[in-house]
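So this one's work.txt, compact mmCIF, C-alpha atoms:
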# COMPACT_ATOMS: atom_id res chain seq x y z
CA ARG A 26 34.13 13.15 -6.14
CA CYS A 27 34.51 16.71 -5.44
CA MET A 28 33.24 20.03 -5.79
CA ILE A 29 31.20 19.61 -8.31
CA SER A 30 31.52 16.33 -6.93
CA GLU A 31 35.05 16.05 -8.16
CA CYS A 32 36.72 18.30 -5.73
CA GLY A 33 38.38 15.49 -4.01
CA ALA A 34 40.76 15.04 -6.72
CA GLU A 35 42.74 12.30 -8.16
CA ARG A 36 46.32 11.37 -8.03
CA GLU A 37 47.87 8.27 -9.45
CA PRO A 38 48.18 5.42 -6.95
CA GLU A 39 51.56 3.89 -6.45
CA LYS A 40 51.84 0.39 -7.89
CA GLU A 41 54.42 -2.25 -7.50
CA PRO A 42 56.22 -2.94 -10.76
CA GLY A 43 54.93 -6.01 -12.53
CA SER A 44 51.98 -6.39 -10.18
CA SER A 45 49.20 -8.02 -12.17
CA VAL A 46 46.84 -7.80 -9.20
CA ALA A 47 47.10 -4.00 -9.09
CA ALA A 48 46.58 -3.82 -12.82
CA VAL A 49 43.32 -5.73 -12.51
CA LEU A 50 42.11 -3.98 -9.38
CA GLU A 51 42.50 -0.48 -10.77
CA PRO A 52 39.75 -0.65 -13.40
CA VAL A 53 37.50 -2.55 -11.03
CA SER A 54 37.57 0.13 -8.37
CA GLY A 55 37.42 2.91 -10.97
CA ARG A 56 38.56 5.43 -8.37
CA THR A 57 41.90 6.78 -7.30
CA PRO A 58 42.89 8.11 -3.88
CA ARG A 59 41.40 11.51 -3.04
CA GLU A 60 43.43 14.58 -2.19
CA CYS A 61 42.15 15.06 1.34
CA TRP A 62 43.54 18.56 1.76
CA LEU A 63 41.25 19.89 -0.98
CA ASP A 64 38.28 17.96 0.40
CA LEU A 65 39.06 19.44 3.81
CA GLY A 66 39.10 22.94 2.31
CA ARG A 67 35.63 22.40 0.91
CA VAL A 68 34.36 21.05 4.24
CA LEU A 69 35.84 23.96 6.22
CA GLY A 70 34.42 26.50 3.79
CA LEU A 71 30.96 24.95 3.98
CA PHE A 72 31.13 24.66 7.77
CA PHE A 73 31.73 28.39 8.18
CA ILE A 74 29.06 29.20 5.60
CA ILE A 75 26.58 27.29 7.77
CA LEU A 76 27.85 29.07 10.88
CA PHE A 77 27.30 32.40 9.14
CA HIS A 78 23.72 31.47 8.20
CA ALA A 79 22.98 29.89 11.59
CA SER A 80 23.91 33.13 13.32
CA GLY A 81 21.36 35.01 11.22
CA ASN A 82 24.03 36.46 8.91
CA GLY A 83 25.09 38.58 11.86
CA MET A 84 28.31 36.78 12.75
CA GLU A 85 31.23 37.12 10.37
CA PHE A 86 34.37 34.98 10.63
CA PRO A 87 37.34 37.08 9.47
CA LEU A 88 39.67 34.08 9.37
CA PHE A 89 37.51 32.36 6.73
CA PHE A 90 36.39 35.35 4.68
CA GLN A 91 37.77 33.67 1.52
CA ARG A 92 35.64 30.53 1.79
CA VAL A 93 33.45 31.14 -1.29
CA PRO A 94 36.31 32.20 -3.65
CA PHE A 95 38.21 29.07 -2.58
CA LEU A 96 35.23 26.92 -3.59
CA PHE A 97 34.92 28.62 -6.99
CA MET A 98 38.61 28.02 -7.73
CA ALA A 99 38.36 24.37 -6.69
CA ALA A 100 35.33 23.85 -8.94
CA ALA A 101 37.02 25.48 -11.94
CA TYR A 102 40.21 23.47 -11.42
CA PHE A 103 38.49 20.17 -12.15
CA VAL A 104 36.54 21.56 -15.07
CA GLY A 105 39.84 22.75 -16.55
CA ARG A 106 41.58 19.42 -16.00
CA ARG A 107 39.23 17.80 -18.52
CA LYS A 108 40.88 19.84 -21.35
CA THR A 109 37.57 19.73 -23.26
CA PHE A 110 34.04 20.51 -22.22
CA ASP A 111 32.15 17.31 -21.43
CA TRP A 112 28.59 17.60 -20.18
CA ARG A 113 28.81 14.25 -18.37
CA HIS A 114 31.76 15.41 -16.27
CA SER A 115 30.86 19.08 -15.85
CA PRO A 116 28.82 20.71 -13.08
CA CYS A 117 25.92 20.90 -15.56
CA ARG A 118 25.22 17.21 -14.98
CA TYR A 119 23.69 18.17 -11.63
CA ILE A 120 20.83 20.09 -13.24
CA LEU A 121 18.18 17.60 -12.02
CA PHE A 122 19.60 17.70 -8.50
CA TYR A 123 19.53 21.52 -8.66
CA LEU A 124 15.91 21.64 -9.88
CA ALA A 125 14.78 19.05 -7.33
CA TRP A 126 16.13 21.00 -4.38
CA ASN A 127 14.83 24.31 -5.72
CA ALA A 128 11.41 22.65 -5.93
CA ALA A 129 11.84 21.48 -2.32
CA ALA A 130 12.66 25.04 -1.26
CA CYS A 131 9.62 26.31 -3.16
CA LEU A 132 7.32 23.79 -1.45
CA GLU A 133 8.74 24.67 1.95
CA ALA A 134 8.08 28.36 1.31
CA PHE A 135 4.54 27.65 0.10
CA PHE A 136 3.62 25.60 3.19
CA ARG A 137 5.18 28.26 5.41
CA HIS A 138 2.97 30.79 3.61
CA LEU A 139 -0.11 28.68 4.45
CA ILE A 140 0.94 28.33 8.08
CA TYR A 141 1.39 32.10 8.40
CA LEU A 142 -2.10 32.65 6.99
CA ASN A 143 -3.63 30.14 9.42
CA LEU A 144 -1.88 31.85 12.33
CA GLY A 145 -3.31 35.22 11.29
CA TYR A 146 -0.14 36.76 9.88
CA SER A 147 -0.04 38.59 6.57
CA SER A 148 1.64 36.68 3.75
CA THR A 149 1.55 36.90 -0.04
CA TRP A 150 2.19 34.33 -2.75
CA ASP A 151 2.66 35.27 -6.41
CA TRP A 152 1.74 32.32 -8.64
CA SER A 153 3.01 34.13 -11.75
CA MET A 154 6.55 33.79 -10.44
CA LEU A 155 6.30 30.02 -9.94
CA PRO A 156 8.42 29.03 -13.01
CA TRP A 157 11.20 31.35 -11.89
CA LYS A 158 10.96 30.14 -8.32
CA LEU A 159 11.27 26.51 -9.39
CA THR A 160 14.34 27.21 -11.54
CA GLY A 161 15.96 29.68 -9.15
CA VAL A 162 16.54 32.17 -11.98
CA GLY A 163 16.29 35.82 -11.00
CA THR A 164 14.95 35.02 -7.52
CA THR A 165 16.17 35.42 -3.97
CA PHE A 166 16.13 33.14 -0.95
CA PRO A 167 14.50 30.71 -0.32
CA TYR A 168 14.11 29.72 -3.96
CA ASP A 169 17.68 30.47 -4.94
CA GLY A 170 19.36 30.38 -1.55
CA PRO A 171 19.96 26.65 -1.17
CA LEU A 172 22.07 26.26 -4.31
CA TRP A 173 23.01 29.65 -5.73
CA PHE A 174 26.63 28.46 -5.73
CA LEU A 175 25.83 25.46 -7.94
CA LYS A 176 23.79 27.70 -10.25
CA TYR A 177 26.77 30.02 -10.70
CA VAL A 178 29.21 27.17 -11.25
CA MET A 179 26.96 25.53 -13.84
CA ALA A 180 26.60 28.83 -15.69
CA LEU A 181 30.33 29.58 -15.58
CA SER A 182 31.23 26.07 -16.71
CA MET A 183 29.35 26.78 -19.93
CA LEU A 184 32.16 29.23 -20.69
CA SER A 185 34.78 26.48 -20.42
CA SER A 186 34.94 25.92 -24.21
CA PHE A 187 35.85 29.59 -24.64
CA LEU A 188 38.38 29.38 -21.81
CA PHE A 189 39.95 26.29 -23.41
CA VAL A 190 40.42 28.27 -26.63
CA LEU A 191 42.06 31.10 -24.69
CA GLY A 192 44.35 28.58 -23.01
CA LYS A 193 45.48 27.09 -26.33
CA ARG A 194 46.31 30.56 -27.64
CA ARG A 195 48.15 31.49 -24.43
CA LEU A 196 45.60 34.19 -23.68
CA LEU A 197 43.99 32.67 -20.59
CA ILE A 198 46.41 34.12 -18.03
CA PRO A 199 46.33 37.67 -19.53
CA ALA A 200 42.52 37.51 -19.68
CA THR A 201 42.37 36.36 -16.06
CA VAL A 202 44.65 39.17 -14.92
CA ALA A 203 42.49 41.66 -16.85
CA VAL A 204 39.32 40.40 -15.14
CA LEU A 205 41.00 40.50 -11.73
CA PHE A 206 42.19 44.08 -12.19
CA SER A 207 38.86 45.21 -13.61
CA VAL A 208 37.04 43.85 -10.56
CA THR A 209 39.57 45.49 -8.23
CA LEU A 210 39.83 48.88 -9.95
CA PHE A 211 36.21 49.20 -11.08
CA PRO A 212 33.91 47.77 -8.39
CA GLU A 213 30.87 49.16 -10.19
CA ILE A 214 31.33 46.34 -12.74
CA ASN A 215 29.94 43.96 -10.14
CA ALA A 216 26.79 46.05 -9.89
CA LEU A 217 26.13 45.43 -13.58
CA PHE A 218 26.22 41.64 -13.21
CA SER A 219 24.71 41.14 -9.76
CA ASP A 220 21.82 38.78 -9.16
CA PRO A 221 19.18 39.55 -6.54
CA PRO A 222 21.20 37.52 -3.97
CA GLN A 223 23.86 40.23 -4.49
CA VAL A 224 26.58 37.71 -5.28
CA PRO A 225 28.76 39.42 -7.88
CA TRP A 226 29.19 37.62 -11.17
CA ALA A 227 32.42 39.46 -11.95
CA ASP A 228 34.14 38.22 -8.78
CA SER A 229 32.89 34.69 -9.42
CA LEU A 230 34.19 34.77 -12.99
CA ALA A 231 37.57 36.04 -11.79
CA PHE A 232 38.08 33.16 -9.37
CA PHE A 233 36.67 30.64 -11.82
CA MET A 234 39.28 31.77 -14.37
CA MET A 235 42.00 31.55 -11.71
CA GLY A 236 41.03 27.95 -11.06
CA PHE A 237 41.23 27.31 -14.80
CA CYS A 238 44.75 28.72 -14.89
CA LEU A 239 45.81 26.43 -12.04
CA SER A 240 44.43 23.37 -13.85
CA SER A 241 47.68 23.12 -15.80
CA LEU A 242 49.31 22.02 -12.52
CA THR A 243 48.77 18.74 -10.73
CA LEU A 244 47.29 18.69 -7.25
CA GLY A 245 50.57 17.28 -5.99
CA GLU A 246 52.45 20.32 -7.30
CA ILE A 247 49.91 22.71 -5.78
CA LYS A 248 50.08 20.85 -2.47
CA LEU A 249 53.89 21.04 -2.42
CA PHE A 250 53.79 24.78 -3.18
CA LEU A 251 51.27 25.46 -0.43
CA LYS A 252 53.29 23.48 2.07
CA LYS A 253 56.55 25.26 1.22
CA THR A 254 54.97 28.71 1.39
CA SER A 255 52.95 28.06 4.55
CA CYS A 256 55.50 29.97 6.65
CA LEU A 257 54.58 33.10 4.67
CA SER A 258 50.96 32.58 3.68
CA LEU A 259 49.68 31.62 7.13
CA PRO A 260 51.06 34.73 8.94
CA ALA A 261 49.81 36.98 6.11
CA TRP A 262 46.36 35.40 6.30
CA VAL A 263 46.19 35.77 10.10
CA ALA A 264 47.45 39.37 9.88
CA ILE A 265 44.67 40.33 7.45
CA ALA A 266 42.03 38.73 9.68
CA TRP A 267 43.50 40.44 12.77
CA MET A 268 43.50 43.87 11.09
CA ASN A 269 39.86 43.37 10.19
CA HIS A 270 39.05 42.34 13.75
CA CYS A 271 40.78 45.46 15.09
CA GLY A 272 39.05 47.76 12.63
CA VAL A 273 42.12 48.60 10.54
CA LEU A 274 40.56 46.86 7.51
CA SER A 275 36.87 47.28 6.88
CA THR A 276 34.67 44.33 5.92
CA GLU A 277 34.27 45.84 2.46
CA THR A 278 38.06 45.94 2.03
CA LEU A 279 38.34 42.41 3.39
CA HIS A 280 36.09 41.13 0.60
CA THR A 281 38.28 42.37 -2.22
CA ILE A 282 40.78 40.49 -4.36
CA PRO A 283 43.95 41.97 -2.74
CA CYS A 284 42.84 40.35 0.54
CA TRP A 285 41.22 37.30 -0.98
CA ILE A 286 44.33 35.98 -2.73
CA PRO A 287 46.61 35.78 0.37
CA GLY A 288 43.60 34.48 2.28
CA ILE A 289 43.11 31.67 -0.24
CA LEU A 290 46.80 30.76 -0.08
CA GLY A 291 46.69 30.72 3.72
CA MET A 292 43.56 28.58 3.81
CA GLY A 293 45.10 26.14 1.32
CA SER A 294 48.29 25.88 3.40
CA LEU A 295 46.27 25.28 6.56
CA CYS A 296 44.31 22.48 4.89
CA VAL A 297 47.49 20.84 3.65
CA LEU A 298 48.92 20.82 7.17
CA LEU A 299 45.69 19.66 8.82
CA ALA A 300 45.20 16.87 6.27
CA GLU A 301 48.33 15.20 7.66
CA LYS A 302 46.28 14.34 10.77
CA LYS A 303 44.09 11.25 10.59
CA PHE A 304 41.09 12.93 12.26
CA PHE A 305 40.84 15.66 9.63
CA ARG A 306 41.37 13.17 6.81
CA ASN A 307 38.44 11.12 8.09
CA VAL A 308 36.25 14.22 8.36
CA ALA A 309 37.12 15.20 4.79
CA ARG A 310 36.42 11.74 3.39
CA ALA A 311 33.08 11.51 5.20
CA CYS A 312 31.68 14.99 4.47
CA ALA A 313 33.17 16.21 1.18
CA PRO A 314 31.07 13.88 -1.05
CA LEU A 315 27.94 15.35 0.58
CA PHE A 316 28.94 18.95 -0.19
CA PHE A 317 26.03 19.92 -2.42
CA PHE A 318 23.43 18.08 -0.34
CA ILE A 319 24.53 19.88 2.84
CA TYR A 320 24.66 23.16 0.95
CA ALA A 321 21.08 22.65 -0.26
CA VAL A 322 19.47 21.34 2.89
CA HIS A 323 20.99 23.58 5.56
CA CYS A 324 19.05 26.64 4.35
CA LEU A 325 15.80 24.71 4.77
CA ILE A 326 16.64 23.22 8.17
CA LEU A 327 18.16 26.19 10.03
CA PRO A 328 14.94 28.29 10.27
CA TYR A 329 13.40 25.46 12.30
CA LEU A 330 16.51 24.10 14.02
CA MET A 331 17.84 27.35 15.47
CA PRO A 332 14.69 28.28 17.48
CA LEU A 333 14.58 24.73 18.82
CA LEU A 334 18.22 24.81 19.93
CA SER A 335 17.82 28.24 21.51
CA ARG A 336 15.11 26.78 23.75
CA LEU A 337 16.88 23.54 24.62
CA LEU A 338 20.49 24.67 25.05
CA PRO A 339 21.85 26.91 27.81
CA GLU A 340 23.18 30.29 26.73
CA VAL A 341 26.74 29.21 27.47
CA LEU A 342 26.75 26.77 24.54
CA PRO A 343 27.16 28.28 21.04
CA SER A 344 23.99 27.15 19.26
CA PRO A 345 25.26 28.07 15.73
CA VAL A 346 28.25 25.74 16.14
CA ILE A 347 26.09 22.93 17.45
CA ALA A 348 23.61 23.47 14.62
CA ALA A 349 26.39 23.22 12.02
CA VAL A 350 27.71 20.01 13.58
CA LEU A 351 24.18 18.54 13.67
CA VAL A 352 23.63 19.36 9.99
CA PHE A 353 26.86 17.60 8.99
CA ALA A 354 26.20 14.59 11.23
CA GLY A 355 22.60 14.24 10.07
CA ALA A 356 23.64 14.40 6.41
CA PHE A 357 26.29 11.72 6.98
CA PHE A 358 23.92 9.25 8.66
CA LEU A 359 21.11 9.95 6.19
CA HIS A 360 23.48 9.23 3.32
CA ARG A 361 24.45 5.89 4.83
CA GLN A 362 20.81 4.87 5.19
CA VAL A 363 19.92 5.91 1.64
CA VAL A 364 22.91 4.06 0.19
CA ARG A 365 21.99 0.95 2.14
CA HIS A 366 18.24 0.88 1.51
CA TYR A 367 17.53 3.15 -1.50
CA PRO A 368 20.70 3.27 -3.62
CA GLY A 369 18.84 4.45 -6.72
CA TRP A 370 18.11 7.81 -5.07
CA GLU A 371 21.75 8.80 -4.55
CA TYR A 372 21.89 11.12 -7.56
CA LEU A 373 18.69 13.05 -6.91
CA ILE A 374 19.28 13.51 -3.18
CA PHE A 375 23.06 13.70 -2.83
CA ALA A 376 24.26 14.50 -6.39
CA GLN A 377 26.18 11.23 -6.49
CA LYS A 378 26.29 8.52 -9.10
CA ARG A 379 25.25 5.04 -8.07
CA ARG A 380 28.34 2.91 -7.68
CA LYS A 381 28.45 -0.04 -10.02
CA PRO A 382 28.84 -3.38 -8.25
CA VAL A 383 31.67 -5.69 -9.17
CA THR A 384 30.50 -8.17 -11.82
CA ASP A 385 31.18 -11.90 -11.80
CA GLY A 386 33.62 -11.54 -14.69
CA GLN A 387 35.63 -8.93 -12.82
CA GLU A 388 35.70 -11.11 -9.73
CA GLU A 389 37.10 -13.97 -11.82
CA LYS A 390 39.82 -11.68 -13.19
CA ILE A 391 40.76 -10.57 -9.69
CA PHE A 392 40.92 -14.16 -8.47
CA ALA A 393 42.93 -15.29 -11.50
CA ALA A 394 45.40 -12.45 -11.07
CA ALA A 395 45.82 -13.08 -7.36
CA PHE A 396 46.10 -16.86 -7.65
CA PRO A 397 47.55 -17.84 -11.04
CA ARG A 398 47.55 -21.54 -11.88
CA SER A 399 51.32 -21.68 -12.17
CA ALA A 400 51.50 -20.70 -8.52
CA SER A 401 48.87 -23.09 -7.25
CA LEU A 402 49.38 -24.38 -3.73
CA ASN A 403 48.60 -27.93 -4.85
CA GLU A 404 51.12 -27.90 -7.66
CA PRO A 405 54.64 -29.13 -6.81
CA PRO A 406 57.48 -26.65 -7.47
CA LEU A 407 59.55 -27.22 -10.61

Please re-express this file's structure in structure tokens.
Amino acid sequence: RCMISECGAEREPEKEPGSSVAAVLEPVSGRTPRECWLDLGRVLGLFFIILFHASGNGMEFPLFFQRVPFLFMAAAYFVGRRKTFDWRHSPCRYILFYLAWNAAACLEAFFRHLIYLNLGYSSTWDWSMLPWKLTGVGTTFPYDGPLWFLKYVMALSMLSSFLFVLGKRRLLIPATVAVLFSVTLFPEINALFSDPPQVPWADSLAFFMMGFCLSSLTLGEIKLFLKKTSCLSLPAWVAIAWMNHCGVLSTETLHTIPCWIPGILGMGSLCVLLAEKKFFRNVARACAPLFFFIYAVHCLILPYLMPLLSRLLPEVLPSPVIAAVLVFAGAFFLHRQVVRHYPGWEYLIFAQKRRKPVTDGQEEKIFAAAFPRSASLNEPPL
């Protein structure tokens, strides 16, 4: 699955002509090979988001300034590939996962409030805001922080029916260009649609619509384009990051669409090239399915993990990097234990569906296809 649990997209597996075994195995597995370059893009984006939060929001990474727009486009791509809005295959199906982790964030904040009071510090708790804290609507971190991205994607996916209508009438691309230019030329539009976390709705809508436009292409076509243009997109991406590092481009300018678009192309090209290496493919396969879980839990862990690492590690070692690696590794091993011992909790904890085991009837079909009676070893050749 991918962003939105589907971000690790599908492509048709190659089959040998006339292979009855492959024809039987395909519906049994129910899954097609993932596009590791897109999974890797999601993992890299999330890794640098955790680094940014682990450093106390004081360390920016100019080379990965486009991480959040990349994730919005990837999410919209798979919503658009459905051609019709389907609740069961849209980001909205994660509503229980979203509410569960917002409740966990609310409980963590409440117990922290009690601890502060017992230690003699001043702390307030407004019970009238509890419904909004539990739903993450109109609130700031910690109640909204763990999964604001999922909240935005779920809300934007509700517009997919309207975007499908625009696509059928050939108005989707003009509408997307209009939104992009309005965000670029009139930044005050973002102020009208900003949530308390100050994540602009207008920017998110622009990139969501761009992902919708790209959904008319296959992932193979996008991958080929990114690979062919890597000689241009990678230098342009590095040049923008270098100019920001040198002070030629301000951080405010860096986080605008004229810089975001070449940055997204450069990041996509880098992921395509890195995904050719086995190590990065394994990292993508292991971590991408846990995207939303890691996104939710890292905001709750870092306030306790960072002080601990700062005491244990020498100053030479970068504690934010080690913290990010520990979060990913801990999520991976926790997922393996839950799948092994408590498989029914996969959806609520990791936003994953429980995999259906192979039934006896399917096993018989596989065996019959692999060993037909006419080709029995005990039967003499004609």

Task: atom CA of Asp64 of chain A to atom CA of Thr243 of chain A, straight-line distance in Å - done: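 Rounded to one decimal, the two atoms are 15.3 Å apart.
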
Open item on the list: Please list as a ChimeraX atom specification every residue within 10 Å of Ala231 of chain A, counting all atoms listed in the file and excluding residues in the same chain fewer than 3 positions away.
Closed with: /A:94,97-98,200-208,226-228,234-237,282

- [ ] Just the residues within 9 Å of Ser147 of chain A, please, counting only C-alpha atoms, with nothing from its chain fewer than 4 positions along; format it as a list in words.
- [x]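 Using only C-alpha atoms, the neighbours found are His138, Tyr141 and Leu142 of chain A.
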
Open item on the list: One decimal, in Å: what's the spacing between atom CA of Arg194 of chain A and atom CA of Lys108 of chain A?
Closed with: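 Distance between the two atoms: 13.6 Å.
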
Open item on the list: Using Å and a single decimal, report how far atom CA of Phe375 of chain A sits from atom CA of Ser182 of chain A.
Closed with: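 Atom-to-atom, atom CA of Ser182 of chain A to atom CA of Phe375 of chain A, that is 20.3 Å.
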
- [ ] Would you mind listing what lies within 10 Å of Arg106 of chain A as a list in words, with all atoms listed in the file counted and same-chain residues fewer than 2 positions away left out?
- [x]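 Residues near the query, excluding close chain neighbours: Ala101, Tyr102, Phe103, Val104, Lys108, Thr109, Phe110, Gly236, Phe237, Cys238, Leu239, Ser240, Ser241, Leu242 and Thr243 of chain A.
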
Open item on the list: Tell me which residues come within 10 Å of (25.9, 28.3, -10.1), as a PyMOL selection string, counting all atoms listed in the file in the file's coordinates.
Closed with: chain A and resi 97+116-117+123+169+172-182+226+229

- [ ] With only C-alpha atoms counted, which protein, DNA or RNA residues have an atom no more than 10 Å from (40.5, 17.1, 9.0) in the file frame? Please answer as a PyMOL selection string.
- [x] chain A and resi 61-62+64-66+68-69+296-310

TODO: Quick one: everything within 12 Å of Gly81 of chain A, counting only C-alpha atoms, minus sequence neighbours fewer than 6 positions away in the same chain. Send it as a VMD selection string.
DONE: chain A and resid 74 to 75 324 327 to 328 331 to 332 344 to 345

Using only C-alpha atoms, please write the residues we just selected to a file, as a PDB file, in the frame of the given file.
ATOM      1  CA  ILE A  74      29.060  29.200   5.600  1.00  0.00           C
ATOM      2  CA  ILE A  75      26.580  27.290   7.770  1.00  0.00           C
ATOM      3  CA  CYS A 324      19.050  26.640   4.350  1.00  0.00           C
ATOM      4  CA  LEU A 327      18.160  26.190  10.030  1.00  0.00           C
ATOM      5  CA  PRO A 328      14.940  28.290  10.270  1.00  0.00           C
ATOM      6  CA  MET A 331      17.840  27.350  15.470  1.00  0.00           C
ATOM      7  CA  PRO A 332      14.690  28.280  17.480  1.00  0.00           C
ATOM      8  CA  SER A 344      23.990  27.150  19.260  1.00  0.00           C
ATOM      9  CA  PRO A 345      25.260  28.070  15.730  1.00  0.00           C
TER      10      PRO A 345
END

Open item on the list: What's around Ala349 of chain A at 12 Å? Count all atoms listed in the file, leave out sequence neighbours fewer than 3 positions away in its own chain, and write the answer as a PyMOL selection string.
Closed with: chain A and resi 68-80+319-320+322-324+326-327+330-331+334+343-346+352-356

Open item on the list: Please determine, counting all atoms listed in the file, which residue among A:Ile347, A:Leu184, A:Leu210, A:Ser294 has the shortest atom-to-atom distance to Leu333 of chain A.
Closed with: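 Once distances to Leu333 of chain A are computed over all atoms listed in the file, the minimum belongs to A:Ile347.
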